[in-house]
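A.B. asks: To be precise about what I am sending: the file is called start_39.txt and holds compact mmCIF, C-alpha atoms.
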# COMPACT_ATOMS: atom_id res chain seq x y z
CA MET A 1 -10.35 39.30 186.24
CA THR A 2 -10.46 42.60 184.38
CA GLN A 3 -7.92 43.82 181.85
CA ASP A 4 -6.54 46.34 184.34
CA GLU A 5 -5.99 43.62 186.94
CA ILE A 6 -4.22 41.47 184.35
CA SER A 7 -1.99 44.42 183.43
CA ALA A 8 -1.19 45.13 187.07
CA GLN A 9 -0.33 41.50 187.69
CA ALA A 10 1.86 41.47 184.59
CA VAL A 11 3.68 44.59 185.77
CA ARG A 12 4.43 42.95 189.12
CA ALA A 13 5.69 39.87 187.31
CA GLY A 14 7.93 41.97 185.07
CA ALA A 15 6.12 41.01 181.86
CA GLU A 16 6.53 42.72 178.51
CA PHE A 17 3.77 44.80 176.97
CA ALA A 18 2.77 45.21 173.34
CA GLU A 19 3.17 48.54 171.60
CA GLU A 20 0.07 50.74 171.80
CA TYR A 21 -1.46 53.01 169.20
CA THR A 22 -0.99 56.70 169.72
CA GLN A 23 -3.98 58.96 170.30
CA ARG A 24 -3.73 60.29 166.77
CA GLU A 25 -3.68 56.79 165.30
CA ARG A 26 -6.74 55.81 167.34
CA VAL A 27 -8.69 58.81 166.06
CA ARG A 28 -7.71 58.01 162.47
CA ILE A 29 -8.76 54.35 162.83
CA ALA A 30 -12.10 55.39 164.36
CA ALA A 31 -12.73 57.91 161.56
CA ILE A 32 -11.94 55.35 158.85
CA GLY A 33 -14.27 52.85 160.52
CA LEU A 34 -17.11 55.36 160.67
CA VAL A 35 -16.70 56.31 157.00
CA LEU A 36 -16.58 52.69 155.85
CA GLY A 37 -19.56 51.75 158.02
CA ALA A 38 -21.63 54.66 156.71
CA GLY A 39 -20.72 53.72 153.14
CA VAL A 40 -21.76 50.10 153.64
CA LEU A 41 -25.09 51.15 155.18
CA ALA A 42 -25.77 53.62 152.36
CA ILE A 43 -25.02 51.04 149.66
CA GLY A 44 -27.23 48.47 151.37
CA LYS A 45 -30.16 50.81 151.84
CA LEU A 46 -30.05 52.60 148.49
CA TRP A 47 -29.03 49.79 146.15
CA LEU A 48 -28.51 46.29 147.62
CA PHE A 49 -31.78 45.74 149.49
CA PRO A 50 -34.04 47.30 146.80
CA TRP A 51 -32.30 45.20 144.15
CA LEU A 52 -32.60 42.06 146.28
CA ASN A 53 -36.34 42.65 146.83
CA ALA A 54 -36.90 43.13 143.11
CA PHE A 55 -34.90 39.99 142.31
CA ALA A 56 -36.75 37.88 144.90
CA ALA A 57 -40.14 39.01 143.60
CA ASN A 58 -39.45 37.42 140.19
CA ALA A 59 -36.75 34.88 141.01
CA ALA A 60 -38.67 32.03 139.39
CA CYS A 61 -38.73 33.91 136.08
CA ARG A 62 -35.01 34.76 136.04
CA THR A 63 -31.83 32.99 135.02
CA VAL A 64 -28.29 33.93 136.03
CA MET A 65 -25.55 32.41 133.85
CA GLY A 66 -27.84 29.51 132.99
CA ALA A 67 -28.93 28.85 136.59
CA SER A 68 -32.46 29.40 137.81
CA GLY A 69 -33.12 32.54 139.79
CA ILE A 70 -34.58 30.50 142.66
CA VAL A 71 -31.36 28.48 142.98
CA VAL A 72 -29.26 31.64 142.86
CA LEU A 73 -31.43 33.38 145.46
CA PHE A 74 -31.56 30.67 148.13
CA HIS A 75 -28.07 29.29 147.64
CA GLY A 76 -26.65 32.79 147.45
CA LEU A 77 -28.17 33.80 150.79
CA LEU A 78 -27.86 30.52 152.71
CA VAL A 79 -24.61 29.19 151.24
CA GLY A 80 -22.78 32.00 149.49
CA LEU A 81 -23.09 34.51 152.32
CA PRO A 82 -21.66 32.19 155.03
CA ILE A 83 -18.82 31.20 152.70
CA GLN A 84 -17.98 34.87 152.15
CA CYS A 85 -17.93 35.38 155.92
CA ALA A 86 -15.64 32.35 156.25
CA LEU A 87 -13.26 33.82 153.68
CA ILE A 88 -13.19 37.16 155.50
CA ALA A 89 -12.57 35.39 158.81
CA ALA A 90 -9.76 33.36 157.25
CA ALA A 91 -8.16 36.49 155.82
CA THR A 92 -8.28 38.31 159.18
CA PHE A 93 -8.36 35.91 162.13
CA GLY A 94 -6.63 33.10 160.26
CA TRP A 95 -3.83 35.39 159.12
CA ARG A 96 -3.39 36.71 162.67
CA GLY A 97 -3.42 33.17 164.06
CA SER A 98 -0.67 32.12 161.67
CA LYS A 99 1.44 35.05 162.85
CA ILE A 100 0.86 34.04 166.48
CA LEU A 101 1.90 30.44 165.79
CA LYS A 102 4.90 31.51 163.76
CA GLY A 103 6.15 34.07 166.29
CA GLY A 104 5.13 32.14 169.39
CA GLN A 105 3.63 35.15 171.12
CA MET A 106 0.30 36.89 171.55
CA PRO A 107 -0.16 39.66 170.34
CA PRO A 108 2.03 38.90 167.31
CA ALA A 109 5.34 40.67 166.96
CA GLY A 110 4.98 44.12 165.41
CA GLU A 111 1.24 44.40 166.09
CA LYS A 112 -0.02 47.44 167.97
CA VAL A 113 -2.89 47.32 170.47
CA MET A 114 -5.52 49.78 171.63
CA ARG A 115 -4.84 49.38 175.33
CA ARG A 116 -2.05 48.11 177.52
CA THR A 117 -1.75 44.37 176.83
CA PRO A 118 0.89 42.01 178.23
CA ILE A 119 2.67 39.74 175.77
CA VAL A 120 1.89 36.02 176.20
CA ARG A 121 4.33 33.35 175.04
CA GLY A 122 4.56 29.59 175.04
CA ASN A 123 1.70 27.09 174.93
CA LYS A 124 -0.84 29.72 175.94
CA ALA A 125 0.06 31.83 172.91
CA LYS A 126 -0.21 28.76 170.66
CA THR A 127 -3.68 28.09 172.04
CA PHE A 128 -4.75 31.60 171.03
CA GLY A 129 -3.24 31.00 167.60
CA TYR A 130 -5.19 27.77 167.05
CA LEU A 131 -8.41 29.42 168.21
CA HIS A 132 -7.88 32.16 165.64
CA MET A 133 -7.42 29.52 162.93
CA LEU A 134 -10.72 27.85 163.89
CA VAL A 135 -12.86 31.00 163.50
CA PRO A 136 -13.90 30.24 159.87
CA LEU A 137 -15.23 26.78 160.78
CA PRO A 138 -18.62 27.92 162.22
CA PHE A 139 -19.35 29.80 159.00
CA LEU A 140 -18.53 26.72 156.93
CA ALA A 141 -20.89 24.69 159.12
CA MET A 142 -23.60 27.30 158.50
CA ALA A 143 -22.98 26.99 154.75
CA ALA A 144 -23.44 23.20 154.91
CA TRP A 145 -26.66 23.59 156.91
CA GLY A 146 -27.83 26.35 154.56
CA HIS A 147 -27.36 24.07 151.55
CA LEU A 148 -29.90 21.62 152.95
CA GLN A 149 -32.32 24.42 153.79
CA ALA A 150 -31.93 25.91 150.33
CA LEU A 151 -32.85 22.61 148.67
CA THR A 152 -36.05 22.44 150.73
CA LEU A 153 -37.00 26.05 149.98
CA GLU A 154 -36.32 25.60 146.27
CA THR A 155 -38.61 22.56 146.14
CA ASP A 156 -41.41 24.52 147.80
CA ALA A 157 -40.86 27.51 145.52
CA TRP A 158 -41.18 25.43 142.34
CA LYS A 159 -44.59 24.19 143.50
CA ARG A 160 -46.02 27.68 143.65
CA PRO A 161 -47.75 29.20 140.62
CA ARG A 162 -45.69 31.60 138.61
CA ASN A 163 -46.66 34.57 136.51
CA CYS A 164 -43.86 35.45 134.13
CA ALA A 165 -46.02 37.26 131.57
CA ALA A 166 -45.33 40.74 132.98
CA PRO A 167 -41.96 42.33 132.18
CA LEU A 168 -39.37 41.87 134.93
CA ASN A 169 -38.56 44.82 137.13
CA LYS A 170 -41.15 46.88 135.33
CA GLN A 171 -44.49 47.89 136.68
CA VAL A 172 -47.26 47.89 134.15
CA VAL A 173 -48.94 51.26 134.19
CA ALA A 174 -51.90 52.14 132.06
CA PRO A 175 -51.16 54.99 129.67
CA PRO A 176 -52.78 58.23 130.63
CA ALA A 177 -55.89 59.19 128.77
CA GLN A 178 -55.08 61.43 125.90
CA ILE A 179 -57.03 64.65 125.77
CA ARG A 180 -57.92 65.36 122.21
CA PRO A 181 -58.33 68.95 121.20
CA PRO A 182 -61.81 69.87 119.98
CA ALA A 183 -62.36 69.42 116.30
CA PRO A 184 -62.19 72.68 114.41
CA GLN A 185 -65.60 73.98 113.41
CA PRO A 186 -66.01 74.62 109.72
CA GLN A 187 -66.01 78.29 109.01
CA GLN A 188 -69.15 79.59 107.37
CA GLN A 189 -68.54 81.55 104.24
CA PRO A 190 -70.40 84.86 104.25
CA GLN A 191 -73.22 84.74 101.78
CA PRO A 192 -73.23 87.56 99.21
CA GLN A 193 -75.97 90.12 99.72
CA PRO A 194 -78.35 90.44 96.73
CA GLN A 195 -77.74 93.61 94.78
CA PRO A 196 -80.89 95.76 94.18
CA GLN A 197 -82.03 95.69 90.59
CA PRO A 198 -82.33 99.13 88.94
CA GLN A 199 -85.90 100.19 88.27
CA PRO A 200 -86.70 100.97 84.57
CA GLN A 201 -87.26 104.70 83.95
CA PRO A 202 -90.51 105.59 82.11
CA HIS A 203 -89.90 107.08 78.64
CA ALA A 204 -91.04 110.64 78.21
CA GLN A 205 -93.66 111.12 75.44
CA PRO A 206 -92.98 113.88 72.88
CA ALA A 207 -95.20 116.96 73.09
CA GLN A 208 -97.77 117.39 70.31
Take the structure I supplied and represent it as structure tokens, if you would.
C.D. replies:
Amino acid sequence: MTQDEISAQAVRAGAEFAEEYTQRERVRIAAIGLVLGAGVLAIGKLWLFPWLNAFAANAACRTVMGASGIVVLFHGLLVGLPIQCALIAAATFGWRGSKILKGGQMPPAGEKVMRRTPIVRGNKAKTFGYLHMLVPLPFLAMAAWGHLQALTLETDAWKRPRNCAAPLNKQVVAPPAQIRPPAPQPQQQPQPQPQPQPQPQPHAQPAQ
């Protein structure tokens, strides 16, 4: 049954409907979502992924707050990331589920919707509330499974040879060949030209 059929059936039954967003509010929400999504993609492409690749390349030679870089890398990806997703799910779905259970209706009181949605009350609303509260559990299960996988990957990583002699995050580049200017040629001093010696004049003899 489609959403339109559910709405039509609810109208015939005289059901209540949740308040909808106005067209202006929908445009604003879509614009905010696009800006945030573009910002997340830009940060990931320009900073996060290059930094993660550089860290993974020398993880065995790094320490973070006293912990090995290998432990931080694998546990951060396989355990820390699912836990972060679980926290986000608890802050969004869990918070909404608590409002559903507290108010006894779905959608919760005071919440606007994007399209025409009938309000559900009673046990059916409580079921939706409990399902919202259970959303973080799959991420916690992934974190537990990731912990076991991280231990195996760390053991394999320690068996591999490491080369920590090169500076981290720095590529060794040979210095360019220096072009030396030609050595200055010694300047030759001009040799003095010999001066002609004056020829002696013959003495005139006196007349007798």
A.B. asks: Kindly indicate which residue among A:Thr92, A:Thr152, A:Ser98, A:Asn123 lies nearest to Leu78 of chain A, using all atoms listed in the file for the distances.
C.D. replies: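 Checking each of A:Thr92, A:Thr152, A:Ser98, A:Asn123 against Leu78 of chain A, counting all atoms listed in the file, the winner is A:Thr152.
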A.B. asks: Pick the closest to Asp156 of chain A from A:Leu52, A:Ile100, A:Pro136, A:Ala60: which is it, counting all atoms listed in the file?
C.D. replies: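 Checking each of A:Leu52, A:Ile100, A:Pro136, A:Ala60 against Asp156 of chain A, counting all atoms listed in the file, the winner is A:Ala60.
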A.B. asks: Could you write out as lines of an AutoDock Vina configuration file the box around segment 58-69 of chain A (axis-aligned, all atoms listed in the file, 6 Å on each side), with centre and edge lengths in Å to one decimal?
C.D. replies:
center_x = -32.5
center_y = 33.1
center_z = 137.0
size_x = 25.9
size_y = 20.6
size_z = 20.0
A.B. asks: Just the number, please: distance in Å from atom CA of Pro50 of chain A to atom CA of Leu73 of chain A, one decimal.
C.D. replies: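 Calculated distance between atom CA of Pro50 of chain A and atom CA of Leu73 of chain A is 14.2 Å.
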A.B. asks: Record the distance separating atom CA of Glu19 of chain A and atom CA of Lys112 of chain A, expressed in Å with one decimal.
C.D. replies: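 Atom-to-atom, atom CA of Glu19 of chain A and atom CA of Lys112 of chain A are spaced 5.0 Å apart.
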A.B. asks: Find, counting all atoms listed in the file, the residue in A:Ile119, A:Val135, A:Met65, A:Ala157 that gets nearest to Glu16 of chain A.
C.D. replies: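 Among the listed residues, A:Ile119 lies closest to Glu16 of chain A.
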A.B. asks: Would you work out the distance separating atom CA of Ala59 of chain A from atom CA of Leu151 of chain A, expressed in Å to one decimal?
C.D. replies: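 Rounded to one decimal, the two atoms are 15.0 Å apart.
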A.B. asks: Check the smallest atom-to-atom distance from each of A:Met133, A:Leu101, A:Ile70, A:Leu48 to Arg160 of chain A using only C-alpha atoms, then report the winner.
C.D. replies: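 Closest to Arg160 of chain A, using only C-alpha atoms: A:Ile70.
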A.B. asks: At a cut-off of 12 Å, using all atoms listed in the file, what residues contact Gln23 of chain A? Leave out same-chain residues fewer than 6 positions from it and give the result as a count of residues only.
C.D. replies: 5
A.B. asks: Identify which of the residues A:Ala18, A:Met106, A:Leu148, A:Leu140 lies closest to Gln84 of chain A, counting all atoms listed in the file when measuring atom-to-atom distances.
C.D. replies: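 Residue with the minimum atom-to-atom distance to Gln84 of chain A: A:Leu140.
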A.B. asks: Looking at A:His132, A:His75, A:Arg116, A:Lys99, which one is nearest to Leu153 of chain A, with distances taken over only C-alpha atoms?
C.D. replies: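 Going through A:His132, A:His75, A:Arg116, A:Lys99 one by one, the smallest distance to Leu153 of chain A is for A:His75.
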A.B. asks: Do you know which residues are at most 7 Å from Val79 of chain A counting only C-alpha atoms, after dropping those on the same chain fewer than 3 positions away, and could you put them as a VMD selection string?
C.D. replies: chain A and resid 75 to 76 82 to 83 143 146 to 147
